[in-house]
Amino acid sequence: MNNYKTIIEIGSFSIKTIIYAELLEGASIIGTGKTRTMGYTGEEIENFDNFIDCIKNSIVQAEKQANYIIKDAYILITNHSVKIKKTQKDLNLNGAIIEKNDLRKISRIKISKDENYHYNLYTSHYKIDDKLITDNPVGLNCKKLSIISLVAMIDIKKINLLNNIFQKLQIKIINYLDSTTSYYFYLKNKPKTKTDVILIDYGFNNINIIMIKNKVLHFIKKISQGSKKISNDLVNIHNISFDFAEKLKISTIDLSDTRNSTVEIPIWEEFGDNKKKNVGHDNLKEIAVDRLDETFELVFKSLPKDKSFYSYLFTGGGSQIKNFYNYFRTKFGYDIQFLEPPKSCGIPKVLNDASIMSLYSCYWLLTNKSLINENFIQKIDSFSKKIWYKRFVDLL
């Protein structure tokens with residue numbers, strides 16, 4: 001029997017679904033779905049029925065491709081309902097050699113729980129005598145072994161609401177995951193990733209900043225200023241529909257084009273006659289650049305001052321504006337790279353871009369076999385007496 005798994009990302013711009021098969025030779029994505037989010041702002045539900053229909057349509061698309069009916073799923077959440085905290089627990093060894101049993105002993109962390117949150121506990125790294133940072137301390141001798149863990153806390157109100165939605169869809173939730181820890185573990189364990197990285201997920205409603213220093217999560221921040229603001233400006237200035245503004249932002253505006261060509265745009269009217277007007281490309285580009293300048297000046301002000309050299313990685317739908325690379329290098333003087341799913345991962349081309357990277361990071365985390373027996377993850381579930389979340393223990 002095929003071992004199929006599903007991940008559904010609940011985003012403010014789109015609902016994305018992937019179904020993957022776990023085979024002896026490795027995992028493979030066999031079904032995808034993507035629909036525009038309706039009835040949901042990213043934080044609040046405005047129309048319950050529209051929101052459910054969006055989720056259902058995304059699921060059905062993936063089911064048809066995979067020829068499989070989804071019965072359970074992991075849910076990936078990317079909004080402000082997620083908080084990340086660090087914890088540390090110490091084990092005194094008095095100079096003894098660290099064994100695997102010591103890792104099991106120190107990993108059994110108990111933390112105080114707030115009933116207002118759903119918890120996931122991830123092992124980040126180990127410290128030897130408060131000096132050496134390592135992912136695999138077995139075989140080393142030390143006086144004190146410390147385990148540093150990340151606690152992902154998801155608002156229980158959001159959990160209960162989504163539980164009700166997926167109960168209506170007859171889908172059991174395996175666990176709720178978050179994009180921050182998915183990105184972090186993906187980047188940390190990729191062999192080619194540099195040790196000091198700033199990842200900027202330029203999304204629709206928010207910007208998610210993740211700073212990794214020496215492969216340790218150093219700083220995270222969410223800024224409520226996504227690429228939606230560019231679309232809103234285009235709508236307000238040129239009286240066009242929001243969908244057409246999105247098309248202009250991603251497909252038409254070129255941040256390096258200086259020819260000032262003419263762009264024909266329809267004028268939105270409630271009882272209109274499909275009127276159109278010509279607008280100079282420079283006008284549209286100026287709108288986008290002004291908003292980008294404002295947004296990324298805010299991003300740099302929010303970063304902690306640090307003399308270390310960081311590599312800048314961009315992902316998210318907002319980074320797909322044409323020649324975003326040239327804009328960023330000219331404005332701020334930094335070379336940047338884009339974080340996208342590998343072309344061979346099985347995702348159809350329509351979804352094979354930066355807008356699905358958070359979902360792909362979560363998929364990679366769940367299926368990467370190289371992490372077996374090196375890290376641990378514990379699920380602290382207020383609705384269950386089970387301590388170990390078995391699926392993750394084997395993977396992380």
# chains A, B, ... in the order shown; residues from 1 in each chain; ligands from 1
$ residues_around --residues "Thr315 (chain A)" --least-positions-apart "2" --cutoff "9 Å" --atoms "only C-alpha atoms" --output "list in words"
Leu199, Ile200, Asp201, Tyr202, Gly203, Leu313, Gly317, Gly318, Ser319, Gln320, Gln337, Phe338, Leu339, Glu340, Asp353, Ala354, Ser355, Ile356, Met357 and Ser358 of chain A
$ residues_around --residues "Leu234 (chain A)" --least-positions-apart "6" --cutoff "8 Å" --atoms "only C-alpha atoms" --output "list in words"
Ile240, Ala245, Leu284 and Ile287 of chain A
$ residues_around --residues "region 360-363 of chain A" --least-positions-apart "4" --cutoff "7 Å" --atoms "only C-alpha atoms" --output "list in words"
Ser182, Tyr183, Tyr186, Pro341, Ile356 and Thr367 of chain A
$ select_by_dssp --residues "region 279-312 of chain A" --states "strand (DSSP E)" --output "PyMOL selection string"
chain A and resi 279-280+311-312
